[in-house]
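Participant: Below is entry_17.txt; it holds compact mmCIF, C-alpha atoms.
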```
# COMPACT_ATOMS: atom_id res chain seq x y z
CA MET A 1 5.80 15.80 21.82
CA GLY A 2 7.53 13.65 24.41
CA ASP A 3 11.13 13.97 25.53
CA ARG A 4 13.91 13.40 23.05
CA LYS A 5 14.82 9.97 24.28
CA SER A 6 11.39 8.53 23.65
CA GLU A 7 11.25 10.26 20.26
CA ARG A 8 14.49 8.49 19.41
CA ALA A 9 13.09 5.17 20.58
CA LEU A 10 9.98 5.69 18.43
CA PHE A 11 12.13 6.54 15.42
CA LYS A 12 14.18 3.40 15.99
CA ALA A 13 11.01 1.31 16.21
CA ALA A 14 9.77 2.87 12.97
CA LEU A 15 13.11 2.19 11.27
CA ILE A 16 13.03 -1.48 12.25
CA ASP A 17 9.35 -1.92 11.33
CA THR A 18 9.85 -0.30 7.92
CA LEU A 19 12.78 -2.54 6.90
CA PRO A 20 10.52 -4.81 4.79
CA VAL A 21 9.04 -1.73 3.11
CA MET A 22 12.57 -0.44 2.54
CA SER A 23 13.58 -3.52 0.57
CA GLY A 24 10.36 -3.51 -1.44
CA TYR A 25 10.20 0.24 -2.07
CA ILE A 26 13.85 0.66 -3.03
CA VAL A 27 13.63 -2.15 -5.56
CA LEU A 28 10.22 -1.11 -6.93
CA GLY A 29 11.37 2.53 -6.90
CA ILE A 30 14.46 1.58 -8.90
CA GLY A 31 12.21 -0.29 -11.31
CA PHE A 32 10.02 2.77 -11.70
CA GLY A 33 13.01 5.08 -12.23
CA MET A 34 14.44 2.75 -14.87
CA ILE A 35 11.15 2.54 -16.76
CA MET A 36 10.82 6.34 -16.71
CA LYS A 37 14.37 6.78 -17.97
CA SER A 38 14.05 4.19 -20.71
CA ALA A 39 10.76 5.78 -21.83
CA GLY A 40 12.70 9.01 -22.34
CA TYR A 41 11.69 11.02 -19.28
CA SER A 42 14.06 12.96 -17.05
CA ILE A 43 15.37 12.12 -13.58
CA ALA A 44 13.60 15.25 -12.31
CA MET A 45 10.26 13.93 -13.61
CA ALA A 46 10.75 10.54 -11.95
CA ALA A 47 11.73 12.22 -8.68
CA ALA A 48 8.83 14.69 -8.86
CA MET A 49 6.36 11.85 -9.35
CA SER A 50 7.65 9.96 -6.33
CA LEU A 51 7.60 13.14 -4.24
CA LEU A 52 4.22 14.50 -5.36
CA ILE A 53 2.12 11.50 -6.42
CA TYR A 54 3.68 8.86 -4.15
CA ALA A 55 1.48 5.93 -5.18
CA GLY A 56 3.44 2.99 -6.55
CA SER A 57 1.02 1.19 -8.83
CA MET A 58 -0.36 4.50 -10.13
CA GLN A 59 3.12 5.73 -11.02
CA TYR A 60 3.77 2.56 -13.02
CA ALA A 61 0.42 3.08 -14.76
CA ALA A 62 1.30 6.74 -15.34
CA VAL A 63 4.28 5.84 -17.54
CA GLY A 64 1.88 4.10 -19.89
CA LEU A 65 -0.50 7.08 -19.83
CA LEU A 66 2.38 9.47 -20.61
CA THR A 67 3.86 7.48 -23.49
CA GLY A 68 0.42 6.68 -24.88
CA GLY A 69 -0.59 10.33 -24.89
CA ALA A 70 -3.77 9.70 -22.89
CA SER A 71 -6.30 12.52 -22.55
CA PHE A 72 -6.65 14.35 -19.26
CA LEU A 73 -10.03 12.71 -18.71
CA THR A 74 -8.46 9.25 -19.10
CA VAL A 75 -5.68 10.29 -16.72
CA ILE A 76 -8.20 11.41 -14.09
CA LEU A 77 -10.42 8.32 -14.43
CA THR A 78 -7.47 5.92 -14.30
CA THR A 79 -6.13 7.64 -11.19
CA VAL A 80 -9.51 7.38 -9.47
CA MET A 81 -9.86 3.68 -10.32
CA VAL A 82 -6.32 2.70 -9.35
CA ASN A 83 -6.27 4.76 -6.14
CA ALA A 84 -9.86 4.50 -4.88
CA ARG A 85 -8.80 1.95 -2.27
CA HIS A 86 -7.07 4.79 -0.41
CA LEU A 87 -10.54 5.99 0.64
CA PHE A 88 -10.64 2.95 2.94
CA TYR A 89 -7.42 3.96 4.63
CA GLY A 90 -8.70 7.44 5.33
CA ILE A 91 -11.98 6.14 6.76
CA SER A 92 -10.21 3.82 9.18
CA MET A 93 -7.66 6.48 10.21
CA LEU A 94 -10.22 9.25 10.84
CA ASP A 95 -10.06 8.95 14.61
CA LYS A 96 -6.39 8.01 14.82
CA TYR A 97 -5.32 11.08 12.85
CA ARG A 98 -7.59 13.44 14.83
CA ASP A 99 -5.62 16.05 16.78
CA THR A 100 -2.30 15.23 15.15
CA GLY A 101 -1.50 18.93 14.61
CA ILE A 102 0.96 20.14 12.04
CA ARG A 103 1.89 16.61 10.95
CA LYS A 104 -1.68 15.75 9.95
CA PRO A 105 -1.52 16.86 6.28
CA TYR A 106 1.64 14.83 5.67
CA LEU A 107 0.25 11.79 7.51
CA ILE A 108 -2.78 11.85 5.21
CA PHE A 109 -0.82 12.60 2.02
CA SER A 110 1.60 9.73 2.60
CA LEU A 111 -0.96 7.01 3.37
CA THR A 112 0.13 4.32 0.88
CA ASP A 113 -0.80 0.62 1.10
CA GLU A 114 2.43 -0.26 2.87
CA THR A 115 2.41 2.70 5.24
CA TYR A 116 -1.22 1.98 6.09
CA SER A 117 -0.42 -1.64 6.89
CA LEU A 118 2.12 -0.46 9.47
CA VAL A 119 0.15 2.41 11.03
CA CYS A 120 -3.41 1.02 11.11
CA GLY A 121 -2.91 -0.80 14.42
CA ASP A 122 -2.35 0.74 17.85
CA VAL A 123 0.75 -0.33 19.74
CA PRO A 124 -0.25 -0.98 23.38
CA GLY A 125 1.38 1.28 25.96
CA ARG A 126 1.81 4.29 23.70
CA ASP A 127 -0.16 7.49 24.24
CA HIS A 128 -1.72 9.41 21.35
CA GLY A 129 1.32 11.66 20.94
CA GLU A 130 3.69 8.70 20.79
CA GLN A 131 1.46 6.84 18.32
CA THR A 132 1.42 9.95 16.16
CA SER A 133 5.21 10.35 16.27
CA TYR A 134 5.68 6.70 15.38
CA ARG A 135 3.18 6.95 12.51
CA PHE A 136 4.89 10.09 11.25
CA TYR A 137 8.34 8.44 11.23
CA VAL A 138 6.97 5.36 9.45
CA SER A 139 5.30 7.59 6.82
CA LEU A 140 8.40 9.72 6.27
CA LEU A 141 10.85 6.81 6.13
CA ASP A 142 8.67 4.93 3.65
CA GLN A 143 8.54 7.88 1.29
CA CYS A 144 12.32 8.40 1.62
CA TYR A 145 12.91 4.81 0.48
CA TRP A 146 10.56 5.26 -2.46
CA VAL A 147 12.05 8.58 -3.61
CA LEU A 148 15.65 7.36 -3.20
CA GLY A 149 14.87 4.19 -5.14
CA SER A 150 13.22 6.15 -7.97
CA ILE A 151 16.16 8.53 -8.31
CA ALA A 152 18.66 5.67 -8.15
CA GLY A 153 16.76 3.81 -10.87
CA ALA A 154 16.53 6.85 -13.13
CA VAL A 155 20.23 7.60 -12.67
CA ALA A 156 21.39 4.02 -13.14
CA GLY A 157 19.25 3.61 -16.25
CA THR A 158 19.12 -0.01 -17.25
CA VAL A 159 22.32 -1.20 -15.54
CA LEU A 160 21.60 -3.42 -12.57
CA SER A 161 24.03 -6.19 -11.72
CA PHE A 162 21.87 -7.89 -9.09
CA ASN A 163 19.05 -10.15 -10.24
CA SER A 164 16.15 -8.76 -8.24
CA LYS A 165 13.41 -10.72 -9.99
CA GLY A 166 10.72 -11.65 -7.48
CA ILE A 167 11.85 -9.27 -4.71
CA ASP A 168 8.53 -7.45 -4.98
CA PHE A 169 7.08 -10.43 -3.13
CA ALA A 170 8.33 -8.61 0.00
CA LEU A 171 5.24 -6.39 -0.21
CA THR A 172 2.88 -9.35 -0.61
CA ALA A 173 4.56 -10.95 2.40
CA LEU A 174 4.21 -7.72 4.37
CA PHE A 175 0.45 -7.60 3.80
CA LEU A 176 0.17 -11.30 4.56
CA THR A 177 1.92 -10.95 7.94
CA VAL A 178 -0.25 -7.95 8.89
CA PHE A 179 -3.30 -9.95 7.83
CA LEU A 180 -2.23 -12.93 9.99
CA ASP A 181 -1.37 -10.66 12.90
CA GLN A 182 -4.83 -9.09 12.80
CA TRP A 183 -6.38 -12.55 12.45
CA MET A 184 -4.63 -13.81 15.58
CA HIS A 185 -5.60 -10.74 17.58
CA THR A 186 -9.32 -10.67 16.79
CA ARG A 187 -12.10 -13.08 17.67
CA ASP A 188 -14.46 -12.02 14.88
CA HIS A 189 -12.92 -13.21 11.62
CA GLY A 190 -15.92 -12.04 9.58
CA PRO A 191 -14.31 -8.83 8.23
CA ALA A 192 -11.11 -10.65 7.21
CA LEU A 193 -13.10 -13.38 5.45
CA ILE A 194 -15.31 -10.78 3.75
CA GLY A 195 -12.20 -8.94 2.52
CA VAL A 196 -10.65 -12.06 0.99
CA GLY A 197 -13.92 -13.55 -0.23
CA ALA A 198 -15.23 -10.40 -1.92
CA SER A 199 -11.84 -9.74 -3.56
CA VAL A 200 -11.52 -13.27 -4.93
CA LEU A 201 -15.12 -13.20 -6.16
CA SER A 202 -14.58 -9.84 -7.82
CA LEU A 203 -11.30 -11.02 -9.35
CA LEU A 204 -13.07 -14.03 -10.88
CA LEU A 205 -15.96 -11.91 -12.15
CA PHE A 206 -14.15 -8.82 -13.42
CA GLY A 207 -10.55 -9.87 -14.06
CA ALA A 208 -7.23 -8.62 -12.71
CA SER A 209 -7.28 -5.16 -14.28
CA SER A 210 -10.65 -3.97 -12.97
CA PHE A 211 -11.56 -5.98 -9.86
CA LEU A 212 -10.61 -3.45 -7.18
CA LEU A 213 -13.54 -1.06 -7.40
CA PRO A 214 -16.25 -3.77 -7.42
CA ALA A 215 -14.38 -5.53 -4.60
CA MET A 216 -14.46 -2.34 -2.52
CA ILE A 217 -18.18 -1.91 -3.09
CA MET A 218 -18.87 -5.53 -2.14
CA ILE A 219 -16.71 -5.26 0.99
CA THR A 220 -18.41 -2.04 2.11
CA ALA A 221 -21.89 -3.46 1.52
CA ALA A 222 -21.09 -6.73 3.29
CA LEU A 223 -19.55 -4.99 6.30
CA ILE A 224 -22.48 -2.58 6.65
CA LEU A 225 -25.00 -5.44 6.41
CA LYS A 226 -23.00 -7.46 8.92
CA GLY A 227 -22.86 -4.54 11.36
CA ARG A 228 -26.59 -3.91 11.01
CA ARG A 229 -27.42 -7.55 11.72
CA GLU A 230 -25.27 -7.52 14.86
CA VAL A 231 -26.81 -4.31 16.18
CA SER A 232 -30.42 -5.38 15.68
CA MET B 1 1.14 22.56 -25.01
CA SER B 2 4.72 21.40 -25.65
CA GLY B 3 5.66 17.78 -24.96
CA GLU B 4 7.54 18.51 -21.77
CA MET B 5 4.87 20.87 -20.43
CA ARG B 6 2.25 18.21 -21.04
CA VAL B 7 4.22 15.63 -19.08
CA TRP B 8 4.43 18.00 -16.11
CA ALA B 9 0.73 18.78 -16.42
CA VAL B 10 -0.17 15.07 -16.37
CA ILE B 11 2.09 14.53 -13.34
CA LEU B 12 0.39 17.38 -11.48
CA VAL B 13 -3.10 16.15 -12.37
CA ILE B 14 -2.33 12.64 -11.08
CA ALA B 15 -0.81 14.12 -7.92
CA ALA B 16 -3.88 16.31 -7.34
CA VAL B 17 -6.38 13.48 -7.87
CA THR B 18 -4.40 11.08 -5.67
CA ALA B 19 -4.18 13.65 -2.87
CA ALA B 20 -7.88 14.47 -3.24
CA ILE B 21 -8.74 10.78 -2.74
CA ARG B 22 -6.51 10.53 0.31
CA PHE B 23 -7.85 13.73 1.88
CA ALA B 24 -11.52 13.19 0.99
CA PRO B 25 -12.56 11.15 4.08
CA PHE B 26 -10.88 13.67 6.40
CA VAL B 27 -12.41 16.67 4.65
CA LEU B 28 -15.88 15.10 4.56
CA PHE B 29 -16.00 13.42 7.96
CA GLY B 30 -13.09 14.75 9.99
CA GLY B 31 -14.87 17.80 11.39
CA ARG B 32 -15.38 18.73 15.01
CA ARG B 33 -18.72 16.94 15.12
CA GLY B 34 -16.88 13.66 15.21
CA THR B 35 -16.98 10.64 12.94
CA PRO B 36 -20.46 9.42 11.91
CA LEU B 37 -21.33 6.23 13.79
CA LEU B 38 -21.56 4.10 10.66
CA LEU B 39 -18.10 5.17 9.48
CA GLU B 40 -16.65 4.75 12.95
CA ARG B 41 -17.85 1.14 13.03
CA LEU B 42 -16.71 0.62 9.45
CA GLY B 43 -13.32 2.13 10.25
CA LYS B 44 -12.77 -0.35 13.06
CA ILE B 45 -13.43 -3.45 10.98
CA LEU B 46 -12.00 -2.21 7.66
CA PRO B 47 -8.30 -2.93 8.40
CA SER B 48 -8.79 -6.72 8.43
CA ALA B 49 -10.95 -6.65 5.31
CA VAL B 50 -8.54 -4.31 3.52
CA MET B 51 -5.48 -6.43 4.32
CA GLY B 52 -7.30 -9.42 2.85
CA MET B 53 -8.05 -7.34 -0.24
CA LEU B 54 -4.41 -6.22 -0.54
CA VAL B 55 -3.12 -9.79 -0.35
CA VAL B 56 -5.47 -10.74 -3.19
CA TYR B 57 -4.46 -7.55 -5.06
CA CYS B 58 -0.77 -8.52 -4.87
CA LEU B 59 -1.49 -12.02 -6.13
CA LYS B 60 -3.95 -10.97 -8.84
CA ASP B 61 -1.64 -11.72 -11.77
CA THR B 62 -0.89 -15.25 -10.59
CA GLN B 63 -1.94 -17.79 -13.24
CA ILE B 64 -3.54 -20.81 -11.59
CA SER B 65 -3.04 -22.99 -14.67
CA GLN B 66 0.70 -22.24 -14.93
CA PRO B 67 2.91 -24.13 -12.45
CA GLY B 68 5.71 -21.56 -12.88
CA SER B 69 3.32 -18.86 -11.64
CA ILE B 70 1.11 -20.53 -9.03
CA LEU B 71 3.67 -22.80 -7.32
CA PRO B 72 6.22 -20.11 -6.34
CA ALA B 73 3.43 -17.82 -5.11
CA ALA B 74 1.69 -20.57 -3.12
CA ALA B 75 4.93 -21.92 -1.63
CA ALA B 76 6.19 -18.45 -0.66
CA CYS B 77 2.85 -17.55 0.96
CA LEU B 78 2.95 -20.80 2.95
CA VAL B 79 6.54 -20.14 4.08
CA THR B 80 5.66 -16.54 5.05
CA GLY B 81 2.56 -17.65 6.95
CA ALA B 82 4.18 -20.65 8.67
CA LEU B 83 7.19 -18.60 9.79
CA TYR B 84 4.88 -15.92 11.12
CA VAL B 85 2.66 -18.30 13.07
CA TRP B 86 5.78 -20.04 14.42
CA ARG B 87 7.97 -17.08 15.48
CA ARG B 88 5.60 -14.06 15.37
CA ASN B 89 8.43 -12.07 13.82
CA SER B 90 7.30 -10.20 10.71
CA LEU B 91 10.78 -9.35 9.43
CA LEU B 92 11.91 -12.98 9.61
CA SER B 93 8.75 -14.14 7.91
CA ILE B 94 8.90 -11.53 5.13
CA VAL B 95 12.58 -12.21 4.41
CA GLY B 96 12.00 -15.98 4.49
CA GLY B 97 9.02 -15.82 2.15
CA THR B 98 10.73 -13.42 -0.27
CA VAL B 99 13.98 -15.42 -0.45
CA CYS B 100 11.92 -18.53 -1.08
CA TYR B 101 9.95 -16.77 -3.84
CA MET B 102 13.08 -15.34 -5.51
CA PHE B 103 14.81 -18.72 -5.44
CA LEU B 104 11.78 -20.40 -7.02
CA VAL B 105 11.25 -17.85 -9.82
CA GLN B 106 14.95 -17.35 -10.57
CA VAL B 107 16.33 -20.88 -10.21
CA VAL B 108 13.65 -23.57 -10.09
CA PHE B 109 11.10 -22.13 -12.55
CA ALA B 110 13.55 -19.96 -14.51
```
Could you take the file, read its structure, and then write that structure out as structure tokens?
Facilitator:
Amino acid sequence: MGDRKSERALFKAALIDTLPVMSGYIVLGIGFGMIMKSAGYSIAMAAAMSLLIYAGSMQYAAVGLLTGGASFLTVILTTVMVNARHLFYGISMLDKYRDTGIRKPYLIFSLTDETYSLVCGDVPGRDHGEQTSYRFYVSLLDQCYWVLGSIAGAVAGTVLSFNSKGIDFALTALFLTVFLDQWMHTRDHGPALIGVGASVLSLLLFGASSFLLPAMIMITAALILKGRREVS
Amino acid sequence: MSGEMRVWAVILVIAAVTAAIRFAPFVLFGGRRGTPLLLERLGKILPSAVMGMLVVYCLKDTQISQPGSILPAAAACLVTGALYVWRRNSLLSIVGGTVCYMFLVQVVFA
């Protein structure tokens, strides 16, 4: 680890970069906490889910599984289908999370969509240790927002004076800016176009509730074929 | 199994499966031998493809035939994108796009 001053600077950078996630996670966390509470579950359960599962869309889906009394097999299959996209994050962070020491398990555990979007790029001028510290602070801050939001929502119940309808667009906007940033910093736009194209195609073919898995398969196949054509 | 016990069991099962998915690539390919070449190449180009997929994922429930659904989403995406291309400041662009979206769904298409 570097000296304390640079650690502080990295923490500050992480705090600023996670502000959009903060707004999205606190609001979505509150929403999750409120749903849990109104479905009759305890604050401890809502908090435990945000601490231990820490996967937004899966936690929303879990409330339905709990109230519907789904079987364990259904629970497992739903979790795999909703969260399979996290395999992609791991594959693209394999090298970046190599030699990250004691923080490695937490870095991997906390790799959500939003955290991934902030940690997948390398910031120029930072060494591996500094990148790791920054990624660790981003990961930890993001989960803090999510847990705090969930507890706040479960405590507050259904009372919320501020009309937050539509604030979840913050997360869409976050992904869109990362997408544009990557677009402007790469010459080969093939992967980006494959990602959008395969997802839209899959959405049209399979519908909103089950398009992710086929989209992932199409993306992987297209990227492998593309790579093979370029090598040969 | 009592009701409360079952809830905790379901929570733990979801947590275990989610963690297993997140750890799987590292357990399978993170060894000392290094990342297989195919995955290394895939890992380098995946971020752009995945961000494209996530944008589509976020917009998946948008109804193209309903103006109250498609117009706020399209306008807010344009505002987010235009602000980003103009100022290269992600916070400004996310706040701008989100405020635009909230105004449209709460006031204009309420």
Participant: Show me, as a ChimeraX atom specification, every residue of chain A with an atom at most 6 Å from chain B, counting all atoms listed in the file.
Facilitator: /A:52-53,86,90-92,166,169-170,172-173,175,179,191-192,195-196,199,208
Participant: Tell me which of A:Tyr41, A:Ala46, A:Gly24, A:Thr220 sits closest to Ala152 (chain A), counting all atoms listed in the file.
Facilitator: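 Closest candidate: A:Ala46.
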Participant: Counting all atoms listed in the file, which residues sit no farther than 9 Å from the position (10.3, 0.1, -0.3) in the file's frame? I'd like them as a PyMOL selection string.
Facilitator: chain A and resi 18-29+114+142-146+149+170-171
Participant: CA of Ser38 (chain A) to CA of Thr79 (chain A): how many Å, to one decimal?
Facilitator: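 These atoms are spaced 22.6 Å apart.
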Participant: To one decimal place, how far is CA of Ala9 (chain A) from CA of Leu140 (chain A) in Å?
Facilitator: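 It comes out at 15.7 Å.
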Participant: Under the rule that only C-alpha atoms are counted, which of A:Arg135, A:Arg126, A:Ala70, A:Met81 is the nearest residue to Met93 (chain A)?
Facilitator: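 Of the candidates, the smallest distance to Met93 (chain A) is held by A:Arg135.
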Participant: What does the distance between CA of Glu7 (chain A) and CA of Tyr116 (chain A) come to in Å, to one decimal place?
Facilitator: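 Calculated distance between CA of Glu7 (chain A) and CA of Tyr116 (chain A) is 20.6 Å.
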